[in-house]
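Enquirer: Pasting model.cif here (mmCIF, C-alpha atoms):
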data_work
loop_
_atom_site.label_atom_id
_atom_site.label_comp_id
_atom_site.auth_asym_id
_atom_site.auth_seq_id
_atom_site.Cartn_x
_atom_site.Cartn_y
_atom_site.Cartn_z
CA MET A 28 82.25 85.09 74.45
CA ASN A 29 83.72 88.18 72.76
CA THR A 30 87.13 89.80 72.52
CA ALA A 31 86.47 92.72 74.85
CA LEU A 32 88.18 92.93 78.25
CA THR A 33 86.50 92.43 81.61
CA ILE A 34 88.23 93.88 84.68
CA LEU A 35 87.07 91.83 87.67
CA ASP A 36 87.93 93.68 90.87
CA TYR A 37 87.84 92.28 94.39
CA SER A 38 88.07 95.38 96.59
CA ILE A 39 86.10 95.24 99.82
CA HIS A 40 88.56 97.10 102.07
CA GLY A 41 87.78 100.65 100.95
CA ASN A 42 91.01 101.22 99.04
CA ALA A 43 90.26 104.24 96.83
CA ILE A 44 93.37 103.63 94.74
CA ASP A 45 91.78 100.51 93.24
CA SER A 46 88.88 102.27 91.53
CA GLU A 47 91.12 104.87 89.93
CA SER A 48 93.58 102.20 88.79
CA ASP A 49 90.74 100.19 87.22
CA ARG A 50 89.57 103.28 85.38
CA ARG A 51 93.08 103.89 84.05
CA ILE A 52 93.24 100.33 82.70
CA ALA A 53 89.87 100.72 80.97
CA GLU A 54 90.89 104.05 79.41
CA ALA A 55 94.20 102.61 78.18
CA ALA A 56 92.43 99.58 76.72
CA ALA A 57 90.08 101.91 74.82
CA VAL A 58 93.09 103.66 73.27
CA GLU A 59 94.19 100.22 72.05
CA GLY A 60 90.76 99.64 70.50
CA VAL A 61 89.54 97.25 73.20
CA ASP A 62 86.26 97.81 75.03
CA ALA A 63 86.63 97.22 78.77
CA VAL A 64 84.02 96.81 81.47
CA ILE A 65 84.75 96.96 85.21
CA ARG A 66 82.84 94.61 87.49
CA ARG A 67 83.19 94.15 91.25
CA ILE A 68 83.31 90.61 92.59
CA GLU A 69 82.94 89.04 96.03
CA PRO A 70 83.18 85.45 97.28
CA ASP A 71 79.43 84.86 96.93
CA ASP A 72 79.59 86.01 93.32
CA ALA A 73 79.41 83.30 90.65
CA THR A 74 82.11 85.20 88.70
CA ARG A 75 80.33 84.89 85.38
CA CYS A 76 82.11 86.61 82.54
CA ASP A 77 81.06 87.19 78.92
CA THR A 78 84.47 88.11 77.48
CA ASP A 79 87.34 85.84 76.62
CA ARG A 80 89.88 88.23 78.18
CA VAL A 81 89.86 88.90 81.93
CA TRP A 82 92.09 91.14 84.03
CA LEU A 83 91.84 90.31 87.72
CA ARG A 84 92.41 93.10 90.24
CA TYR A 85 92.40 92.65 94.00
CA ASP A 86 93.28 94.11 97.38
CA LEU A 87 94.08 91.09 99.54
CA ARG A 88 94.50 91.12 103.31
CA SER A 89 94.57 87.41 104.24
CA ARG A 90 95.64 84.02 102.96
CA HIS A 91 91.96 83.08 102.80
CA GLU A 92 91.31 85.93 100.35
CA LEU A 93 94.40 84.97 98.36
CA SER A 94 93.26 81.36 98.11
CA TRP A 95 89.86 82.50 96.89
CA ILE A 96 91.17 84.80 94.15
CA VAL A 97 93.61 82.11 92.99
CA GLY A 98 90.61 79.79 92.71
CA VAL A 99 88.75 82.41 90.67
CA ALA A 100 91.68 82.60 88.23
CA GLN A 101 91.86 78.82 87.96
CA ASP A 102 88.11 78.51 87.35
CA LEU A 103 88.13 81.18 84.65
CA ASP A 104 91.08 79.49 82.98
CA ARG A 105 89.31 76.11 83.01
CA ARG A 106 86.31 77.76 81.34
CA GLY A 107 88.44 79.00 78.47
CA HIS A 108 89.12 82.60 79.46
CA CYS A 109 92.53 84.20 79.02
CA VAL A 110 93.25 85.49 82.51
CA PHE A 111 95.84 87.96 83.74
CA PRO A 112 97.51 87.45 86.11
CA ARG A 113 97.67 83.65 85.99
CA ALA A 114 96.71 81.81 89.13
CA GLU A 115 100.29 80.80 89.88
CA SER A 116 101.55 84.36 89.47
CA ILE A 117 98.86 85.61 91.86
CA ARG A 118 99.93 83.06 94.46
CA LEU A 119 103.64 83.77 94.09
CA ALA A 120 103.24 87.55 94.28
CA GLY A 121 100.44 87.58 96.86
CA ASP A 122 102.15 85.43 99.50
CA LYS A 123 105.43 86.97 100.68
CA TRP A 124 106.69 83.54 101.75
CA GLU A 125 106.20 82.26 98.21
CA THR A 126 107.67 85.46 96.74
CA PHE A 127 110.87 84.96 98.70
CA HIS A 128 111.39 81.44 97.35
CA ALA A 129 110.51 82.40 93.76
CA LEU A 130 112.99 85.28 93.79
CA ARG A 131 115.74 83.23 95.41
CA ARG A 132 115.25 80.46 92.82
CA ALA A 133 115.78 83.11 90.15
CA GLY A 134 118.94 84.40 91.84
CA ILE A 135 117.36 87.76 92.70
CA SER A 136 118.49 89.53 95.86
CA THR A 137 115.72 89.81 98.46
CA PRO A 138 115.74 89.88 102.29
CA GLU A 139 116.16 86.56 104.07
CA THR A 140 112.69 85.36 105.07
CA ARG A 141 111.36 82.74 107.47
CA LEU A 142 107.95 81.75 108.72
CA ALA A 143 107.43 83.52 112.02
CA PHE A 144 107.18 80.47 114.26
CA ASN A 145 108.42 81.10 117.79
CA PRO A 146 111.21 81.33 118.67
CA LEU A 147 111.94 84.03 116.13
CA PRO A 148 114.56 82.81 113.65
CA PHE A 149 116.75 85.94 113.64
CA GLY A 150 118.38 88.12 116.22
CA LEU A 151 116.69 91.44 116.97
CA PRO A 152 115.75 93.77 115.42
CA VAL A 153 113.36 91.92 113.12
CA ILE A 154 110.25 92.83 111.19
CA VAL A 155 107.21 90.57 111.31
CA LYS A 156 104.75 90.90 108.42
CA PRO A 157 101.52 89.24 107.32
CA ARG A 158 102.22 86.79 104.51
CA VAL A 159 99.40 88.45 102.58
CA GLY A 160 98.82 92.15 102.98
CA TRP A 161 99.05 95.64 101.57
CA GLY A 162 100.63 98.96 102.51
CA SER A 163 102.58 97.72 105.56
CA ILE A 164 99.31 97.01 107.39
CA GLY A 165 100.04 94.65 110.27
CA ASN A 166 103.84 95.00 110.10
CA ARG A 167 105.60 95.02 113.46
CA ILE A 168 109.23 95.79 114.27
CA LEU A 169 110.74 94.00 117.26
CA ARG A 170 113.81 95.64 118.78
CA PRO A 171 115.95 94.63 121.74
CA GLY A 172 114.00 95.21 124.93
CA CYS A 173 110.59 94.96 123.26
CA ASP A 174 107.96 92.72 124.73
CA PRO A 175 107.53 89.54 122.68
CA ILE A 176 104.56 89.28 120.34
CA GLU A 177 102.13 86.72 121.69
CA ASP A 178 98.96 87.43 119.74
CA PHE A 179 99.80 86.77 116.10
CA PRO A 180 99.03 83.56 114.20
CA ALA A 181 102.58 82.45 113.36
CA GLU A 182 101.57 80.45 110.28
CA GLU A 183 100.10 83.66 108.79
CA MET A 184 103.27 85.73 109.25
CA ILE A 185 106.80 85.97 107.92
CA CYS A 186 109.85 87.27 109.70
CA GLN A 187 112.80 89.15 108.19
CA PRO A 188 115.87 90.84 109.66
CA PHE A 189 115.06 94.53 109.98
CA ILE A 190 117.20 96.18 107.31
CA GLU A 191 117.96 99.85 107.81
CA HIS A 192 117.53 101.55 104.45
CA HIS A 193 117.29 105.15 103.38
CA ARG A 194 115.92 104.86 99.85
CA THR A 195 112.90 102.97 98.51
CA TRP A 196 111.67 102.83 94.91
CA ILE A 197 108.52 101.65 93.16
CA VAL A 198 109.40 100.42 89.68
CA PRO A 199 106.55 99.77 87.21
CA VAL A 200 107.21 96.94 84.77
CA ALA A 201 105.45 96.47 81.41
CA GLY A 202 106.44 93.33 79.57
CA GLU A 203 110.22 93.16 79.84
CA CYS A 204 110.58 96.94 80.10
CA GLU A 205 111.01 99.02 83.23
CA LEU A 206 109.18 102.34 83.36
CA PRO A 207 110.59 105.39 85.22
CA ALA A 208 111.15 104.64 88.89
CA ILE A 209 109.24 106.39 91.66
CA GLU A 210 111.10 107.07 94.90
CA ALA A 211 109.31 107.17 98.25
CA CYS A 212 111.06 109.91 100.19
CA ARG A 213 112.19 109.12 103.73
CA GLU A 214 113.41 112.53 104.87
CA PRO A 215 111.54 113.48 108.08
CA GLU A 216 109.93 116.55 106.54
CA ARG A 217 108.90 114.68 103.35
CA ASP A 218 108.37 111.12 104.61
CA GLY A 219 106.11 109.19 102.25
CA GLU A 220 106.16 111.81 99.49
CA LEU A 221 106.66 110.39 96.01
CA ARG A 222 109.03 111.75 93.36
CA MET A 223 110.65 110.53 90.17
CA ALA A 224 114.24 109.39 90.65
CA ASP A 225 116.82 107.37 88.76
CA LEU A 226 117.87 104.02 90.18
CA PRO A 227 121.45 103.71 91.43
CA ALA A 228 123.96 101.18 90.13
CA GLY A 229 122.65 97.65 90.50
CA GLY A 230 119.03 98.76 90.29
CA PRO A 231 118.21 98.89 86.56
CA GLY A 232 116.90 95.54 85.31
CA LEU A 233 116.21 94.14 88.77
CA ALA A 234 112.48 94.92 88.78
CA ALA A 235 111.92 93.43 85.33
CA ALA A 236 113.77 90.29 86.38
CA ALA A 237 111.63 90.00 89.53
CA ALA A 238 108.36 90.42 87.63
CA GLY A 239 109.52 87.87 85.06
CA ALA A 240 110.43 85.38 87.77
CA LEU A 241 106.81 85.49 88.92
CA GLY A 242 105.40 85.25 85.40
CA LEU A 243 103.98 88.79 85.37
CA GLN A 244 103.63 90.91 82.24
CA ALA A 245 102.67 93.94 84.34
CA ALA A 246 103.58 94.71 87.94
CA THR A 247 105.20 97.17 90.25
CA VAL A 248 108.28 96.09 92.15
CA ASP A 249 109.46 97.66 95.42
CA LEU A 250 113.23 98.03 95.74
CA ILE A 251 115.29 99.10 98.74
CA GLU A 252 118.87 100.30 99.01
CA THR A 253 120.89 98.42 101.63
CA ARG A 254 124.54 98.32 102.63
CA SER A 255 125.00 95.22 100.49
CA GLY A 256 123.23 96.68 97.44
CA ILE A 257 119.77 96.96 95.93
CA MET A 258 117.21 94.34 96.97
CA VAL A 259 113.69 93.45 95.87
CA LEU A 260 111.32 93.91 98.79
CA GLU A 261 108.08 92.76 97.14
CA VAL A 262 106.27 92.39 93.82
CA ASN A 263 102.74 93.71 93.32
CA SER A 264 100.63 91.84 90.78
CA ALA A 265 97.64 94.22 91.16
CA PRO A 266 99.57 97.47 91.44
CA ARG A 267 98.59 101.05 91.93
CA LEU A 268 98.34 102.75 88.53
CA ALA A 269 97.24 106.26 89.47
CA TYR A 270 99.80 108.86 90.57
CA PRO A 271 97.96 112.19 90.23
CA ASP A 272 100.83 114.17 91.78
CA LEU A 273 103.36 112.72 89.33
CA SER A 274 102.25 113.72 85.85
CA VAL A 275 105.15 111.84 84.23
CA ALA A 276 104.23 108.58 85.97
CA GLU A 277 101.70 107.01 83.60
CA PRO A 278 102.20 103.25 83.90
CA ALA A 279 98.71 102.13 82.85
CA HIS A 280 99.04 102.43 79.08
CA PRO A 281 102.38 100.58 78.72
CA MET A 282 101.13 97.87 81.10
CA VAL A 283 97.87 97.46 79.19
CA ARG A 284 99.75 97.17 75.88
CA ALA A 285 102.02 94.51 77.38
CA VAL A 286 99.15 92.50 78.85
CA LEU A 287 97.03 92.69 75.68
CA ALA A 288 100.02 91.55 73.61
CA TRP A 289 100.52 88.64 75.99
CA MET A 290 96.84 87.74 75.81
CA LYS A 291 97.00 87.76 72.02
CA GLY A 292 99.74 85.13 72.06
CA SER A 293 98.75 83.31 75.23
CA SER A 294 98.83 79.79 73.78
CA ILE A 295 102.17 79.32 75.56
CA ARG A 296 102.65 76.45 78.02
CA PRO A 297 100.94 77.24 81.36
CA PHE A 298 103.24 78.93 83.86
CA GLU A 299 101.87 76.71 86.64
CA SER A 300 103.55 73.63 85.17
CA GLU A 301 106.96 75.25 85.10
CA ILE A 302 107.34 75.88 88.84
CA LYS A 303 107.70 73.41 91.68
CA ARG A 304 106.16 74.62 94.89
CA LYS A 305 108.48 74.72 97.88
CA PRO A 306 106.82 73.11 100.91
CA GLU A 307 106.22 75.27 103.95
CA GLY A 308 108.57 74.98 106.87
#
Turn this file's structure into structure tokens for me.

Expert:
Amino acid sequence: MNTALTILDYSIHGNAIDSESDRRIAEAAAVEGVDAVIRRIEPDDATRCDTDRVWLRYDLRSRHELSWIVGVAQDLDRRGHCVFPRAESIRLAGDKWETFHALRRAGISTPETRLAFNPLPFGLPVIVKPRVGWGSIGNRILRPGCDPIEDFPAEEMICQPFIEHHRTWIVPVAGECELPAIEACREPERDGELRMADLPAGGPGLAAAAAGALGLQAATVDLIETRSGIMVLEVNSAPRLAYPDLSVAEPAHPMVRAVLAWMKGSSIRPFESEIKRKPEG
């Protein structure tokens, strides 16, 4: 093997953001003097790799896909590769049920979460989400008077109280440092538009703590503003790195530096051995 970097990307759902993000990682690695090659992988792929450093990227839409990519990380690790993210970090960030427990163990504020077994564990309104998913795909809000949901596999979903919030931020994290926050506007005429915005009191440091709790040297963390303060909504271990409309948002290079530095000193005790899994239920 050699000391270049292989970016293994599992992206079969047509998410155009992934390709651009991969390219940004490769360009940033080149600035650091590291050759990077991007290779697409699928479940039938043997996942052969000729470099000792591997960056896994993925767009996951099911627990089956999550289990597979965790297995890929474990297999690469067993074969002597230095893999980012680690298998345990992928599992903790990829499964919202696991994310909830990891954040609560670390004392980080996040919405109360339950598996969505009927009857629903909270009073209405609630939001039901896939345990593994991206971009709010499959999310459903149940309000008083709504017909009950009968067609979802409960073991695949989580349920949270629906929290009214008016501000949402995406905070890139590189190592222990937070990069400038990106706010997703919610005004009716600008809904979904992104802009740079400072975090309010209680926000700074929260994203870095959340990424650290999941063992991630690079991530984006979604924060929401609620009546009781700032909360972590989710942690993305294969985040979007391309924001063409925000020229000041350039998270790829700091993230690549942080990950390469971690890889250089990655003889630390495996993260997997430091966390006890919480049983489902």

Enquirer: Nearest to Leu287 in chain A among A:Glu203, A:Glu210, A:Asp72, A:Glu59, with distances taken over all atoms listed in the file: which residue is it?

Expert: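 For Leu287 in chain A, the nearest of the given residues is A:Glu59.
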
Enquirer: Can you translate the PyMOL selection byres ((chain A and resi 115-131) around 8) into the concrete residues it hits in this file, as a CSV table (one decimal) with C-alpha atoms, in the frame of the given file?

Expert:
chain,number,residue,atom,x,y,z
A,87,LEU,CA,94.1,91.1,99.5
A,90,ARG,CA,95.6,84.0,103.0
A,93,LEU,CA,94.4,85.0,98.4
A,94,SER,CA,93.3,81.4,98.1
A,97,VAL,CA,93.6,82.1,93.0
A,112,PRO,CA,97.5,87.4,86.1
A,113,ARG,CA,97.7,83.6,86.0
A,114,ALA,CA,96.7,81.8,89.1
A,132,ARG,CA,115.2,80.5,92.8
A,133,ALA,CA,115.8,83.1,90.2
A,134,GLY,CA,118.9,84.4,91.8
A,135,ILE,CA,117.4,87.8,92.7
A,136,SER,CA,118.5,89.5,95.9
A,137,THR,CA,115.7,89.8,98.5
A,138,PRO,CA,115.7,89.9,102.3
A,139,GLU,CA,116.2,86.6,104.1
A,140,THR,CA,112.7,85.4,105.1
A,141,ARG,CA,111.4,82.7,107.5
A,142,LEU,CA,108.0,81.8,108.7
A,158,ARG,CA,102.2,86.8,104.5
A,159,VAL,CA,99.4,88.4,102.6
A,160,GLY,CA,98.8,92.2,103.0
A,185,ILE,CA,106.8,86.0,107.9
A,237,ALA,CA,111.6,90.0,89.5
A,240,ALA,CA,110.4,85.4,87.8
A,241,LEU,CA,106.8,85.5,88.9
A,242,GLY,CA,105.4,85.2,85.4
A,243,LEU,CA,104.0,88.8,85.4
A,261,GLU,CA,108.1,92.8,97.1
A,262,VAL,CA,106.3,92.4,93.8
A,263,ASN,CA,102.7,93.7,93.3
A,264,SER,CA,100.6,91.8,90.8
A,298,PHE,CA,103.2,78.9,83.9
A,299,GLU,CA,101.9,76.7,86.6
A,305,LYS,CA,108.5,74.7,97.9

Enquirer: Restricting the calculation to only C-alpha atoms: of A:Asp86, A:Glu220, A:Glu183, A:Asp79, which residue gets closest to Trp196 in chain A?

Expert: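 Comparing A:Asp86, A:Glu220, A:Glu183, A:Asp79 against Trp196 in chain A, the winner is A:Glu220.
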
Enquirer: Using the chain letters and numbers from the file, which residues does the PyMOL selection byres ((chain A and resi 39-55) around 7) grab, as a ChimeraX atom specification?

Expert: /A:37-38,56-59,63,267-269,279-280,283

Enquirer: Convert the output of the PyMOL selection byres ((chain A and resi 74) around 12) on the shown file into explicit residues, formatted as a short mmCIF file (atom, residue, chain, number, x, y, z; two decimals) with C-alpha atoms, in the coordinates of the input.

Expert:
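Saved to selection_20.cif:
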data_model
loop_
_atom_site.label_atom_id
_atom_site.label_comp_id
_atom_site.auth_asym_id
_atom_site.auth_seq_id
_atom_site.Cartn_x
_atom_site.Cartn_y
_atom_site.Cartn_z
CA THR A 33 86.50 92.43 81.61
CA ILE A 34 88.23 93.88 84.68
CA LEU A 35 87.07 91.83 87.67
CA ASP A 36 87.93 93.68 90.87
CA TYR A 37 87.84 92.28 94.39
CA ARG A 66 82.84 94.61 87.49
CA ARG A 67 83.19 94.15 91.25
CA ILE A 68 83.31 90.61 92.59
CA GLU A 69 82.94 89.04 96.03
CA PRO A 70 83.18 85.45 97.28
CA ASP A 71 79.43 84.86 96.93
CA ASP A 72 79.59 86.01 93.32
CA ALA A 73 79.41 83.30 90.65
CA ARG A 75 80.33 84.89 85.38
CA CYS A 76 82.11 86.61 82.54
CA ASP A 77 81.06 87.19 78.92
CA THR A 78 84.47 88.11 77.48
CA VAL A 81 89.86 88.90 81.93
CA LEU A 83 91.84 90.31 87.72
CA TRP A 95 89.86 82.50 96.89
CA ILE A 96 91.17 84.80 94.15
CA GLY A 98 90.61 79.79 92.71
CA VAL A 99 88.75 82.41 90.67
CA ALA A 100 91.68 82.60 88.23
CA GLN A 101 91.86 78.82 87.96
CA ASP A 102 88.11 78.51 87.35
CA LEU A 103 88.13 81.18 84.65
CA ARG A 106 86.31 77.76 81.34
CA HIS A 108 89.12 82.60 79.46
#

Enquirer: Which distance in Å separates CA of Leu273 in chain A and CA of Ala228 in chain A, to one decimal?

Expert: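 For CA of Leu273 in chain A relative to CA of Ala228 in chain A, the distance reads 23.6 Å.
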
Enquirer: Could you work out how far CA of Ala265 in chain A lies from CA of Ala245 in chain A, giving the answer in Å with one decimal?

Expert: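 Computing it gives 8.5 Å between the two atoms.
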
Enquirer: Determine the nearest neighbour of Tyr270 in chain A from the options A:Val248, A:Ala211, A:Met184, A:Leu221, counting all atoms listed in the file.

Expert: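 Residue with the minimum atom-to-atom distance to Tyr270 in chain A: A:Leu221.
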
Enquirer: CA of Asp225 in chain A and CA of Leu250 in chain A are how many Å apart?

Expert: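 Interatomic distance here is 12.2 Å.
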
Enquirer: Compile the contact shell of Gly232 in chain A as an MDAnalysis selection string: residues with an atom at most 8 Å away, counting all atoms listed in the file, same-chain residues fewer than 3 positions apart removed.

Expert: chainID A and resid 205 235:236

Enquirer: From the set A:Pro281, A:Gly239, A:Pro271, A:Gly229, which residue has the shortest atom-to-atom contact distance to Ser255 in chain A, counting all atoms listed in the file?

Expert: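 Smallest distance to Ser255 in chain A is found for A:Gly229.
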
Enquirer: Using all atoms listed in the file for the distances, tell me which of A:Gly230, A:Pro180, A:Pro266, A:Gly60 is nearest to Glu252 in chain A.

Expert: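 Of A:Gly230, A:Pro180, A:Pro266, A:Gly60, the one nearest Glu252 in chain A, counting all atoms listed in the file, is A:Gly230.
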
Enquirer: Any chance you could work out the axis-aligned box around range 193-208 of chain A, listed atoms only, 5 Å on each side, giving centre and edge lengths in Å to one decimal, as JSON?

Expert:
{"center_x": 111.4, "center_y": 99.3, "center_z": 91.5, "size_x": 21.8, "size_y": 22.2, "size_z": 33.8}

Enquirer: Given only C-alpha atoms as the basis, pick out the residue of A:Arg254, A:Asp62, A:Arg88, A:Leu226 nearest to Ser163 in chain A.

Expert: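 Nearest candidate to Ser163 in chain A out of A:Arg254, A:Asp62, A:Arg88, A:Leu226: A:Arg88.
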